[in-house]
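start_35.cif (mmCIF, C-alpha atoms) appears below.
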```
data_final
#
loop_
_atom_site.label_atom_id
_atom_site.label_comp_id
_atom_site.auth_asym_id
_atom_site.auth_seq_id
_atom_site.Cartn_x
_atom_site.Cartn_y
_atom_site.Cartn_z
CA MET T 1 -53.72 0.22 -25.05
CA THR T 2 -54.44 3.40 -27.00
CA ASP T 3 -55.56 3.60 -30.63
CA GLU T 4 -52.03 4.67 -31.60
CA GLU T 5 -50.49 1.62 -29.94
CA GLU T 6 -52.64 -1.13 -31.47
CA GLU T 7 -50.72 -4.30 -32.14
CA CYS T 8 -50.22 -5.17 -35.80
CA GLU T 9 -49.30 -8.38 -37.58
CA PRO T 10 -45.73 -8.50 -38.95
CA LEU T 11 -45.50 -6.84 -42.36
CA PRO T 12 -44.93 -9.10 -45.37
CA GLU T 13 -41.57 -8.76 -47.07
CA PHE T 14 -43.15 -7.14 -50.13
CA ALA T 15 -44.90 -4.41 -48.15
CA ILE T 16 -44.46 -0.91 -49.48
CA ALA T 17 -42.14 0.83 -47.04
CA ASP T 18 -43.18 4.43 -47.65
CA VAL T 19 -46.93 4.82 -47.33
CA LEU T 20 -46.58 8.56 -47.99
CA ASP T 21 -45.17 7.94 -51.48
CA ALA T 22 -42.55 10.64 -50.97
CA THR T 23 -40.86 11.91 -54.13
CA ARG T 24 -38.17 14.22 -52.67
CA LEU T 25 -36.99 12.31 -49.63
CA GLU T 26 -33.80 13.79 -48.15
CA GLU T 27 -31.33 12.78 -45.43
CA GLY T 28 -32.41 15.69 -43.28
CA VAL T 29 -34.16 16.36 -40.00
CA GLY T 30 -37.66 17.78 -39.73
CA LEU T 31 -39.14 19.06 -36.47
CA SER T 32 -42.87 19.61 -36.00
CA LEU T 33 -44.46 21.48 -33.11
CA SER T 34 -48.15 20.80 -32.54
CA GLY T 35 -50.99 23.07 -31.56
CA GLY T 36 -52.40 23.43 -28.07
CA GLY T 37 -52.24 27.07 -26.94
CA PHE T 38 -49.80 28.19 -24.26
CA ARG T 39 -49.91 24.66 -22.89
CA ALA T 40 -48.26 23.36 -26.06
CA MET T 41 -45.93 26.36 -26.27
CA LEU T 42 -44.53 25.62 -22.81
CA PHE T 43 -44.38 21.87 -23.49
CA HIS T 44 -42.41 22.59 -26.67
CA LEU T 45 -40.01 24.82 -24.75
CA GLY T 46 -39.01 21.83 -22.61
CA SER T 47 -38.56 19.82 -25.81
CA LEU T 48 -36.42 22.49 -27.47
CA ILE T 49 -34.21 22.74 -24.40
CA ARG T 50 -33.53 18.99 -24.52
CA LEU T 51 -32.96 19.00 -28.30
CA ASN T 52 -30.42 21.76 -27.80
CA GLU T 53 -28.64 19.90 -24.97
CA VAL T 54 -28.01 16.84 -27.14
CA GLY T 55 -26.96 18.86 -30.21
CA LEU T 56 -30.00 17.96 -32.32
CA LEU T 57 -31.44 21.47 -32.57
CA ALA T 58 -28.50 22.59 -34.69
CA LYS T 59 -29.12 19.62 -37.04
CA VAL T 60 -32.73 20.52 -37.83
CA ASP T 61 -33.34 21.44 -41.47
CA ARG T 62 -36.99 22.47 -41.23
CA VAL T 63 -39.34 23.47 -38.42
CA SER T 64 -43.02 23.07 -39.17
CA SER T 65 -45.51 24.44 -36.67
CA VAL T 66 -49.17 24.98 -36.03
CA SER T 67 -51.18 27.08 -33.60
CA GLY T 68 -49.56 27.11 -30.13
CA GLY T 69 -46.54 25.39 -31.66
CA SER T 70 -46.16 28.37 -33.99
CA LEU T 71 -45.74 30.63 -30.98
CA ALA T 72 -42.80 28.52 -29.82
CA ALA T 73 -41.42 28.24 -33.36
CA GLY T 74 -41.85 31.97 -33.97
CA ILE T 75 -39.89 32.86 -30.84
CA LEU T 76 -37.19 30.32 -31.78
CA ALA T 77 -37.03 31.78 -35.31
CA ALA T 78 -36.88 35.36 -34.03
CA GLY T 79 -33.98 34.49 -31.75
CA TRP T 80 -32.13 32.11 -34.07
CA HIS T 81 -29.58 34.61 -35.39
CA ALA T 82 -28.59 35.43 -31.80
CA LEU T 83 -27.91 31.81 -30.84
CA GLN T 84 -24.24 31.05 -30.18
CA PHE T 85 -23.51 27.41 -31.01
CA ASP T 86 -20.40 25.76 -29.61
CA PRO T 87 -18.38 23.15 -31.61
CA ASN T 88 -20.77 20.43 -30.38
CA GLY T 89 -23.79 22.24 -31.82
CA VAL T 90 -25.18 23.38 -28.47
CA ALA T 91 -26.49 26.94 -28.22
CA LEU T 92 -24.90 28.25 -25.04
CA ASN T 93 -27.26 31.23 -24.80
CA PHE T 94 -30.47 29.36 -25.61
CA ASP T 95 -32.23 30.49 -22.44
CA GLN T 96 -31.45 34.13 -23.06
CA ALA T 97 -32.44 34.07 -26.74
CA VAL T 98 -35.46 31.73 -26.56
CA SER T 99 -36.57 30.68 -23.07
CA VAL T 100 -36.73 34.18 -21.59
CA PRO T 101 -38.95 35.75 -24.31
CA LEU T 102 -41.15 32.65 -24.49
CA LEU T 103 -41.73 32.65 -20.74
CA ARG T 104 -42.36 36.40 -20.87
CA LEU T 105 -45.20 35.79 -23.32
CA ALA T 106 -46.49 32.88 -21.23
CA ARG T 107 -47.10 35.29 -18.35
CA ARG T 108 -49.55 37.32 -20.44
CA ARG T 109 -53.29 36.87 -20.91
CA VAL T 110 -53.94 36.96 -24.65
CA ASP T 111 -57.17 35.19 -25.58
CA ALA T 112 -59.60 37.02 -23.27
CA PRO T 113 -58.58 40.61 -24.16
CA ALA T 114 -58.26 39.73 -27.84
CA ILE T 115 -61.77 38.25 -27.88
CA LEU T 116 -63.25 41.24 -26.03
CA PHE T 117 -61.65 43.81 -28.35
CA GLY T 118 -62.64 41.62 -31.28
CA LEU T 119 -66.29 42.32 -30.50
CA LEU T 120 -65.80 45.91 -31.64
CA PRO T 121 -66.79 46.79 -35.23
CA PHE T 122 -64.02 46.35 -37.83
CA VAL T 123 -61.67 44.77 -35.26
CA HIS T 124 -60.41 41.19 -35.69
CA ALA T 125 -59.46 39.32 -32.54
CA SER T 126 -56.55 37.67 -34.35
CA ASN T 127 -55.08 41.09 -35.14
CA VAL T 128 -55.36 42.10 -31.49
CA ALA T 129 -53.48 38.92 -30.52
CA ALA T 130 -50.90 39.68 -33.22
CA ARG T 131 -50.23 43.11 -31.71
CA ILE T 132 -49.67 41.52 -28.29
CA TYR T 133 -47.23 38.98 -29.74
CA ASP T 134 -45.33 41.66 -31.64
CA LYS T 135 -45.00 43.93 -28.62
CA ARG T 136 -43.86 41.14 -26.31
CA VAL T 137 -41.60 38.95 -28.45
CA PHE T 138 -41.38 39.65 -32.19
CA ASN T 139 -40.53 43.38 -32.19
CA GLY T 140 -41.45 44.13 -35.79
CA LYS T 141 -39.64 41.17 -37.38
CA THR T 142 -40.96 39.95 -40.73
CA LEU T 143 -40.77 36.64 -42.53
CA GLN T 144 -37.75 38.02 -44.37
CA ASP T 145 -35.86 38.18 -41.06
CA LEU T 146 -36.09 34.42 -40.62
CA PRO T 147 -32.94 32.29 -41.07
CA GLU T 148 -32.34 30.42 -44.30
CA ARG T 149 -31.64 27.29 -42.25
CA PRO T 150 -33.50 25.86 -40.59
CA ARG T 151 -36.45 26.79 -42.73
CA PHE T 152 -39.43 27.77 -40.58
CA ILE T 153 -42.91 27.07 -41.92
CA PHE T 154 -46.00 28.34 -40.09
CA THR T 155 -49.18 26.60 -41.17
CA SER T 156 -52.73 27.90 -41.15
CA THR T 157 -55.98 26.55 -42.58
CA SER T 158 -57.61 28.39 -45.47
CA LEU T 159 -61.34 28.91 -44.98
CA GLN T 160 -61.52 29.55 -48.72
CA THR T 161 -59.94 26.36 -50.05
CA GLY T 162 -60.02 24.01 -47.06
CA VAL T 163 -56.30 23.17 -47.23
CA LEU T 164 -53.13 24.37 -45.54
CA TRP T 165 -51.80 27.84 -46.16
CA ARG T 166 -48.05 27.98 -45.47
CA PHE T 167 -45.98 30.98 -44.43
CA ALA T 168 -42.20 30.86 -44.88
CA ARG T 169 -39.31 33.17 -45.70
CA GLU T 170 -39.14 32.04 -49.31
CA TYR T 171 -42.85 31.89 -50.05
CA SER T 172 -46.39 31.84 -48.78
CA ALA T 173 -48.62 29.41 -50.61
CA ASP T 174 -51.71 27.27 -50.96
CA TRP T 175 -51.48 24.50 -53.54
CA ARG T 176 -54.98 25.25 -54.77
CA VAL T 177 -54.44 28.99 -55.21
CA GLY T 178 -50.81 29.85 -55.89
CA LYS T 179 -47.60 31.24 -54.44
CA TRP T 180 -46.65 34.57 -52.91
CA THR T 181 -42.88 34.83 -53.34
CA ALA T 182 -40.67 36.35 -50.60
CA PRO T 183 -43.56 37.79 -48.55
CA ASN T 184 -42.56 40.81 -46.48
CA LEU T 185 -45.24 39.95 -43.93
CA PRO T 186 -44.90 40.66 -40.21
CA LEU T 187 -43.94 37.46 -38.43
CA THR T 188 -46.60 38.16 -35.83
CA LEU T 189 -49.38 38.00 -38.46
CA ALA T 190 -48.21 34.61 -39.72
CA VAL T 191 -48.12 33.29 -36.15
CA ALA T 192 -51.53 34.79 -35.27
CA ALA T 193 -53.06 33.25 -38.39
CA SER T 194 -51.63 29.87 -37.43
CA ALA T 195 -52.93 30.23 -33.85
CA GLY T 196 -56.38 31.59 -34.71
CA PHE T 197 -58.59 29.30 -32.61
CA PRO T 198 -62.06 29.23 -34.21
CA PRO T 199 -64.44 30.87 -33.79
CA LEU T 200 -63.28 33.40 -31.21
CA LEU T 201 -59.78 34.19 -32.55
CA SER T 202 -60.68 33.52 -36.16
CA PRO T 203 -60.59 34.37 -38.98
CA ALA T 204 -57.31 36.12 -39.60
CA VAL T 205 -57.71 38.33 -42.66
CA ILE T 206 -54.52 39.09 -44.59
CA LYS T 207 -54.27 41.29 -47.69
CA PRO T 208 -51.44 40.26 -50.03
CA PRO T 209 -50.01 42.91 -52.38
CA LYS T 210 -51.80 43.34 -55.69
CA ASP T 211 -50.79 40.55 -58.08
CA GLY T 212 -48.56 39.19 -55.33
CA ILE T 213 -49.97 35.66 -55.56
CA VAL T 214 -49.06 33.90 -58.78
CA PRO T 215 -51.22 30.88 -59.71
CA TRP T 216 -49.61 27.50 -60.20
CA LYS T 217 -49.43 26.69 -63.89
CA GLU T 218 -51.24 23.35 -63.84
CA ARG T 219 -52.23 22.69 -60.24
CA THR T 220 -54.39 25.76 -59.61
CA THR T 221 -57.97 24.74 -58.85
CA ALA T 222 -59.10 27.93 -57.11
CA ALA T 223 -58.34 30.98 -59.23
CA GLY T 224 -59.54 34.56 -59.29
CA SER T 225 -59.35 37.65 -57.13
CA ALA T 226 -61.70 36.16 -54.52
CA PHE T 227 -58.85 33.85 -53.49
CA THR T 228 -55.91 36.23 -53.91
CA LYS T 229 -57.18 39.64 -52.85
CA ARG T 230 -57.78 38.60 -49.24
CA LEU T 231 -56.83 35.49 -47.30
CA PHE T 232 -59.33 34.19 -44.74
CA LEU T 233 -57.42 31.91 -42.41
CA THR T 234 -58.15 29.92 -39.29
CA ASP T 235 -56.14 27.78 -36.91
CA GLY T 236 -53.74 25.41 -38.64
CA GLY T 237 -54.84 22.66 -36.26
CA VAL T 238 -58.15 22.40 -38.08
CA TYR T 239 -56.29 20.72 -40.95
CA ASP T 240 -53.22 19.19 -39.26
CA ASN T 241 -52.74 19.75 -35.53
CA LEU T 242 -49.36 17.99 -35.54
CA GLY T 243 -47.86 20.17 -38.27
CA LEU T 244 -46.58 17.12 -40.16
CA GLU T 245 -47.50 18.02 -43.73
CA PRO T 246 -44.41 20.14 -44.51
CA ILE T 247 -41.89 17.61 -43.15
CA TRP T 248 -42.91 13.98 -43.33
CA LYS T 249 -42.74 13.64 -47.10
CA ARG T 250 -39.38 15.43 -47.21
CA TYR T 251 -37.04 14.17 -44.48
CA ARG T 252 -35.92 10.76 -43.26
CA THR T 253 -35.63 11.85 -39.63
CA LEU T 254 -38.76 13.22 -37.95
CA LEU T 255 -38.96 14.82 -34.52
CA VAL T 256 -42.58 15.31 -33.46
CA SER T 257 -43.57 17.20 -30.32
CA ASP T 258 -47.27 16.88 -29.50
CA GLY T 259 -48.65 19.13 -26.79
CA GLY T 260 -52.21 19.06 -28.10
CA ALA T 261 -55.41 18.06 -26.37
CA VAL T 262 -56.74 14.51 -26.32
CA THR T 263 -60.50 13.96 -26.40
CA GLN T 264 -61.44 12.65 -22.98
CA PRO T 265 -64.00 9.88 -22.45
CA ILE T 266 -67.42 10.94 -21.14
CA GLY T 267 -69.63 8.38 -19.43
CA ARG T 268 -72.83 10.33 -19.88
CA PRO T 269 -72.51 12.93 -22.64
CA PHE T 270 -75.04 15.71 -22.97
CA THR T 271 -77.60 15.08 -25.69
CA ASN T 272 -78.66 18.61 -26.62
CA TRP T 273 -77.83 19.60 -30.18
CA TYR T 274 -75.03 22.05 -29.28
CA SER T 275 -73.21 19.59 -26.98
CA GLN T 276 -73.53 16.84 -29.57
CA PHE T 277 -72.09 19.13 -32.24
CA ARG T 278 -69.10 20.03 -30.05
CA ARG T 279 -68.50 16.40 -29.13
CA VAL T 280 -68.69 15.18 -32.74
CA LEU T 281 -66.32 17.98 -33.82
CA ASP T 282 -63.82 17.02 -31.10
CA VAL T 283 -63.97 13.35 -32.07
CA SER T 284 -63.53 14.18 -35.76
CA LEU T 285 -60.46 16.31 -35.08
CA GLN T 286 -59.04 13.67 -32.73
CA GLN T 287 -59.44 10.96 -35.35
CA GLY T 288 -57.35 13.00 -37.80
CA ILE T 289 -54.60 13.30 -35.19
CA ASN T 290 -54.79 9.59 -34.31
CA THR T 291 -54.49 8.64 -37.98
CA ARG T 292 -51.35 10.72 -38.40
CA VAL T 293 -49.81 9.22 -35.26
CA ARG T 294 -50.54 5.70 -36.56
CA ILE T 295 -48.82 6.59 -39.82
CA LEU T 296 -45.81 7.88 -37.89
CA HIS T 297 -45.56 4.58 -36.03
CA GLY T 298 -45.87 2.75 -39.35
CA LEU T 299 -43.09 4.80 -40.91
CA GLU T 300 -40.85 3.97 -37.96
CA ARG T 301 -41.76 0.29 -37.88
CA THR T 302 -41.04 -0.18 -41.58
CA GLN T 303 -37.85 1.90 -41.18
CA ALA T 304 -39.04 4.25 -43.90
CA ARG T 305 -38.22 7.03 -41.44
CA LYS T 306 -36.44 7.50 -38.15
CA VAL T 307 -39.14 8.86 -35.89
CA ALA T 308 -39.15 10.25 -32.38
CA TYR T 309 -42.70 11.12 -31.34
CA TRP T 310 -43.60 12.34 -27.87
CA GLY T 311 -47.01 13.40 -26.60
CA ILE T 312 -48.10 15.25 -23.52
CA SER T 313 -50.73 12.60 -22.66
CA THR T 314 -48.39 9.60 -22.97
CA PRO T 315 -46.82 8.23 -19.75
CA VAL T 316 -43.05 8.63 -19.85
CA THR T 317 -42.69 4.93 -18.99
CA SER T 318 -44.43 3.99 -22.26
CA TYR T 319 -41.35 4.91 -24.32
CA GLY T 320 -39.20 2.27 -22.65
CA PRO T 321 -38.83 0.24 -19.48
CA SER T 322 -36.28 2.58 -17.89
CA PRO T 323 -36.91 6.23 -18.86
CA PRO T 324 -33.87 8.50 -18.37
CA VAL T 325 -35.91 11.02 -16.37
CA ALA T 326 -38.38 10.21 -13.61
CA PHE T 327 -41.69 11.89 -14.38
CA PRO T 328 -44.68 10.46 -12.47
CA GLU T 329 -47.82 9.39 -14.35
CA GLU T 330 -49.81 11.73 -12.12
CA SER T 331 -47.73 14.63 -13.46
CA THR T 332 -48.43 13.49 -17.00
CA ARG T 333 -52.14 13.35 -16.23
CA ARG T 334 -52.09 16.85 -14.73
CA ALA T 335 -50.22 18.26 -17.71
CA SER T 336 -52.62 16.65 -20.19
CA LEU T 337 -55.63 18.23 -18.45
CA VAL T 338 -54.31 21.82 -18.62
CA PRO T 339 -56.65 23.84 -20.89
CA THR T 340 -55.39 24.71 -24.36
CA ARG T 341 -55.79 28.44 -23.88
CA LEU T 342 -53.69 31.52 -24.57
CA THR T 343 -53.70 32.66 -21.00
CA ARG T 344 -51.52 33.00 -17.94
CA PHE T 345 -51.19 29.81 -15.92
CA SER T 346 -49.84 29.56 -12.39
CA ASP T 347 -46.10 29.23 -11.80
CA ASP T 348 -46.61 25.58 -10.84
CA ILE T 349 -48.44 24.78 -14.08
CA ARG T 350 -45.86 26.55 -16.22
CA ARG T 351 -43.11 24.59 -14.50
CA LEU T 352 -45.04 21.34 -14.91
CA LEU T 353 -45.50 21.87 -18.65
CA VAL T 354 -41.85 22.72 -19.32
CA GLU T 355 -40.75 19.69 -17.27
CA ALA T 356 -43.22 17.49 -19.16
CA GLY T 357 -41.82 18.53 -22.54
CA TYR T 358 -38.25 17.98 -21.35
CA ALA T 359 -38.96 14.56 -19.78
CA HIS T 360 -41.02 13.25 -22.69
CA THR T 361 -38.46 14.37 -25.25
CA THR T 362 -35.64 12.77 -23.30
CA ALA T 363 -37.47 9.44 -23.05
CA ALA T 364 -38.62 9.43 -26.70
CA LEU T 365 -35.13 10.18 -28.03
CA ALA T 366 -33.57 7.50 -25.82
CA ALA T 367 -36.02 4.93 -27.17
CA SER T 368 -35.62 5.94 -30.83
CA ARG T 369 -33.14 4.93 -33.54
CA ILE T 370 -31.95 8.54 -33.83
CA ALA T 371 -28.28 9.04 -32.99
CA LEU T 372 -27.64 11.93 -30.62
CA PRO T 373 -24.71 14.15 -31.63
CA LEU T 374 -23.93 14.81 -27.97
CA PRO T 375 -25.40 12.26 -25.53
CA SER T 376 -25.95 14.31 -22.40
CA PRO T 377 -27.50 13.20 -19.10
CA ALA T 378 -30.85 14.87 -18.54
CA ASP T 379 -31.46 16.93 -15.45
CA LEU T 380 -34.71 18.75 -14.67
CA ARG T 381 -32.78 21.08 -12.39
CA ARG T 382 -31.20 22.73 -15.43
CA LEU T 383 -34.54 24.08 -16.65
CA PRO T 384 -35.01 27.86 -16.46
CA ALA T 385 -37.12 29.52 -13.81
CA VAL T 386 -40.65 30.03 -15.03
#
```
In structure tokens, write the structure found in this file.
Amino acid sequence: MTDEEEECEPLPEFAIADVLDATRLEEGVGLSLSGGGFRAMLFHLGSLIRLNEVGLLAKVDRVSSVSGGSLAAGILAAGWHALQFDPNGVALNFDQAVSVPLLRLARRRVDAPAILFGLLPFVHASNVAARIYDKRVFNGKTLQDLPERPRFIFTSTSLQTGVLWRFAREYSADWRVGKWTAPNLPLTLAVAASAGFPPLLSPAVIKPPKDGIVPWKERTTAAGSAFTKRLFLTDGGVYDNLGLEPIWKRYRTLLVSDGGAVTQPIGRPFTNWYSQFRRVLDVSLQQGINTRVRILHGLERTQARKVAYWGISTPVTSYGPSPPVAFPEESTRRASLVPTRLTRFSDDIRRLLVEAGYAHTTAALAASRIALPLPSPADLRRLPAV
């Protein structure tokens, strides 16, 4: 039994249902796409395909993403206006508008060339990655080209304030600094900032327009030009690798796709100072993820939210006794061990990751309390060629 699946005593009748203390809870649907490099991006593609098949994609009010999930969300956002939804809410041209450009990016090597060019003076690796993304999939689009609904929010971690920095069509903001209204920022820069793996693809340095960031009236705790003249951002997964912050206090229905890494057990860990530091950092980040997953399960169990959570490391059979799609545990294990890099994987690995996202999403939705607008039998054979 994993940490996330620990048995709990029945809750007393007087238990507080909403541990998040939400103040603006709405009857909407929030979708979060986790970090995890191209591995997560491909896993999320399988998830998005299944959400589209059952008509849920068209019901989503907000998409929150981080790191590798922001690559998938960015491509979805860039292609949203081109999607042709039928009366059942199914985008008939989803593969053309989303799958094809995403798989085109997945065939590129991004991290290695970006890191090498980033060694040059006055060159940031994150900006090199941003240029690759723009050339391959975003084609000059800005945050102002995003749809009004669903609202897309790309999250990064501020190295200046230690909290999330959010990029959206309507605003870009940090609750400790202030708000940049209607930022005309290239979409590729927002995505690259969200996917800036430290230390090699980080920091992303963004210069807002002069006086573009307006401090919050009462909540500002970090004021001055040092915080508004330049933004120093790193991977959003440092703060919240599931991308939950922008959705779980807002919407009653939560769809959570987790393609991130899980810290593996080591029988005999190295004891040198560097290896210990890396191991402690991995465990610390994993604990933050585990805590959020436990809260998700608590929100579902108390019926404070309707939650469908699926993770790349979870056996498909764990969602229910009879999963709708057969996906062997060995395939789950293989998918969970794929490195979280921004690089080109083999055709077999790309296919495995897309199938994993599709199968996990299908099983998690079938086991949830979420009503599907269009119950549709799942079929791995419908997935696009990788």
Could you tell me which residues the PyMOL selection byres ((chain T and resi 243-247) around 7) returns for this structure, as an mmCIF file with C-alpha atoms, keeping the file's coordinate frame?
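Result went into out_35.cif, see below:
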```cif
data_model
loop_
_atom_site.group_PDB
_atom_site.id
_atom_site.type_symbol
_atom_site.label_atom_id
_atom_site.label_comp_id
_atom_site.auth_asym_id
_atom_site.auth_seq_id
_atom_site.Cartn_x
_atom_site.Cartn_y
_atom_site.Cartn_z
ATOM 1 C CA GLY T 30 -37.660 17.780 -39.730
ATOM 2 C CA SER T 32 -42.870 19.610 -36.000
ATOM 3 C CA LEU T 33 -44.460 21.480 -33.110
ATOM 4 C CA SER T 34 -48.150 20.800 -32.540
ATOM 5 C CA SER T 64 -43.020 23.070 -39.170
ATOM 6 C CA SER T 65 -45.510 24.440 -36.670
ATOM 7 C CA VAL T 66 -49.170 24.980 -36.030
ATOM 8 C CA ASP T 240 -53.220 19.190 -39.260
ATOM 9 C CA ASN T 241 -52.740 19.750 -35.530
ATOM 10 C CA LEU T 242 -49.360 17.990 -35.540
ATOM 11 C CA TRP T 248 -42.910 13.980 -43.330
ATOM 12 C CA LYS T 249 -42.740 13.640 -47.100
ATOM 13 C CA ARG T 250 -39.380 15.430 -47.210
ATOM 14 C CA TYR T 251 -37.040 14.170 -44.480
#
```
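In terms of minimum interatomic distance to Ala193 of chain T, T:Ala130 ranks closest within T:Ala130, T:Val238, T:Ala168, T:Val262, counting only C-alpha atoms.
Remark: for Arg104 of chain T, the closest of the candidate residues T:Val256, T:Ile206, T:Ile295, T:Val386 is T:Val386 (distances computed over only C-alpha atoms).
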Where does segment 18-62 of chain T meet segment 82-97 of chain T within 12 Å, residue by residue, with the nearest atom pair and distance in Å to one decimal for each, counting all atoms listed in the file, listed by chain and rising number, as a Markdown table?
```
| residue | atom | partner | partner_atom | distance |
| --- | --- | --- | --- | --- |
| T:Leu45 | CA | T:Asp95 | CA | 9.9 |
| T:Gly46 | CA | T:Asp95 | CA | 11.0 |
| T:Leu48 | CA | T:Phe94 | CA | 9.3 |
| T:Ile49 | CA | T:Phe94 | CA | 7.7 |
| T:Arg50 | CA | T:Val90 | CA | 10.2 |
| T:Leu51 | CA | T:Val90 | CA | 8.9 |
| T:Asn52 | CA | T:Val90 | CA | 5.5 |
| T:Glu53 | CA | T:Val90 | CA | 6.0 |
| T:Val54 | CA | T:Val90 | CA | 7.2 |
| T:Gly55 | CA | T:Gly89 | CA | 4.9 |
| T:Leu56 | CA | T:Gly89 | CA | 7.6 |
| T:Leu57 | CA | T:Val90 | CA | 7.7 |
| T:Ala58 | CA | T:Gly89 | CA | 5.5 |
| T:Lys59 | CA | T:Gly89 | CA | 7.9 |
| T:Val60 | CA | T:Gly89 | CA | 10.9 |
```
If you keep C-alpha atoms, can you produce a file of those selected residues as a JSON list (two decimals), keeping the file's coordinate frame?
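What ended up in selection.json:
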```json
[["chain", "number", "residue", "atom", "x", "y", "z"],
["T", 45, "LEU", "CA", -40.01, 24.82, -24.75],
["T", 46, "GLY", "CA", -39.01, 21.83, -22.61],
["T", 48, "LEU", "CA", -36.42, 22.49, -27.47],
["T", 49, "ILE", "CA", -34.21, 22.74, -24.40],
["T", 50, "ARG", "CA", -33.53, 18.99, -24.52],
["T", 51, "LEU", "CA", -32.96, 19.00, -28.30],
["T", 52, "ASN", "CA", -30.42, 21.76, -27.80],
["T", 53, "GLU", "CA", -28.64, 19.90, -24.97],
["T", 54, "VAL", "CA", -28.01, 16.84, -27.14],
["T", 55, "GLY", "CA", -26.96, 18.86, -30.21],
["T", 56, "LEU", "CA", -30.00, 17.96, -32.32],
["T", 57, "LEU", "CA", -31.44, 21.47, -32.57],
["T", 58, "ALA", "CA", -28.50, 22.59, -34.69],
["T", 59, "LYS", "CA", -29.12, 19.62, -37.04],
["T", 60, "VAL", "CA", -32.73, 20.52, -37.83]]
```
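One distance worth recording is that between atom CA of Gly36 of chain T and atom CA of Phe154 of chain T, which is 14.5 Å.
The environment of Leu201 of chain T within 9 Å, counting all atoms listed in the file and disregarding residues fewer than 5 places along the same chain, consists of Asp111, Ala114, Ile115, Gly118, His124, Ala125, Ser126, Asn127, Ala129, Ala192, Ala193, Ala195, Gly196, Thr234 and Asp235 of chain T.
Across T:Arg39, T:Arg169, T:Arg278, T:Lys141, the tightest approach to Ser346 of chain T is made by T:Arg39 when counting all atoms listed in the file.
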TODO: Mind checking which residues fall within 9 Å of segment 326-328 of chain T, counting only C-alpha atoms, ignoring those fewer than 6 positions away in the same chain, and posting them as an MDAnalysis selection string?
DONE: chainID T and resid 315:317 355:356 359:360
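What separates atom CA of Leu185 of chain T from atom CA of Pro208 of chain T is a distance of 8.7 Å.
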Task: Polymer residues at most 10 Å from (-55.9, 26.1, -46.1) by all atoms listed in the file, as a PyMOL selection string - done: chain T and resi 155-166+173-177+231-236+238-239
Open item on the list: As an exercise, work out the distance from atom CA of Phe117 of chain T to atom CA of Ala190 of chain T in Å and give it to one decimal place.
Closed with: 19.9 Å
TODO: Using all atoms listed in the file, find the one residue out of T:Pro265, T:Gly37, T:Gly79, T:Pro198 that sits nearest to Ser99 of chain T.
DONE: T:Gly79
- [ ] Give the answer as one residue: which of T:Asp282, T:Asp379, T:Glu170, T:Asp134 has the shortest atom-to-atom distance to Leu189 of chain T, using all atoms listed in the file?
- [x] T:Asp134
Task: 7 Å contact set for Lys179 of chain T, only C-alpha atoms, chain neighbours under 5 positions out, as number ranges by chain - done: T: 171-174, 213-215
- [ ] Expand the PyMOL selection byres ((chain T and resi 68) around 6) into the individual residues it matches in the shown file, reporting them as an MDAnalysis selection string.
- [x] chainID T and resid 35:38 40:41 67 69:71 195
- [ ] List the residues matched by the PyMOL selection byres ((chain T and resi 339) around 12) in the displayed structure as a ChimeraX atom specification, ordered by chain and then by residue number.
- [x] /T:36-40,259-263,334-338,340-345,349,353
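Considering the residues T:Lys135, T:Arg252, T:Arg109, T:Arg351 and counting all atoms listed in the file, Ile370 of chain T has its shortest atom-to-atom contact with T:Arg252.
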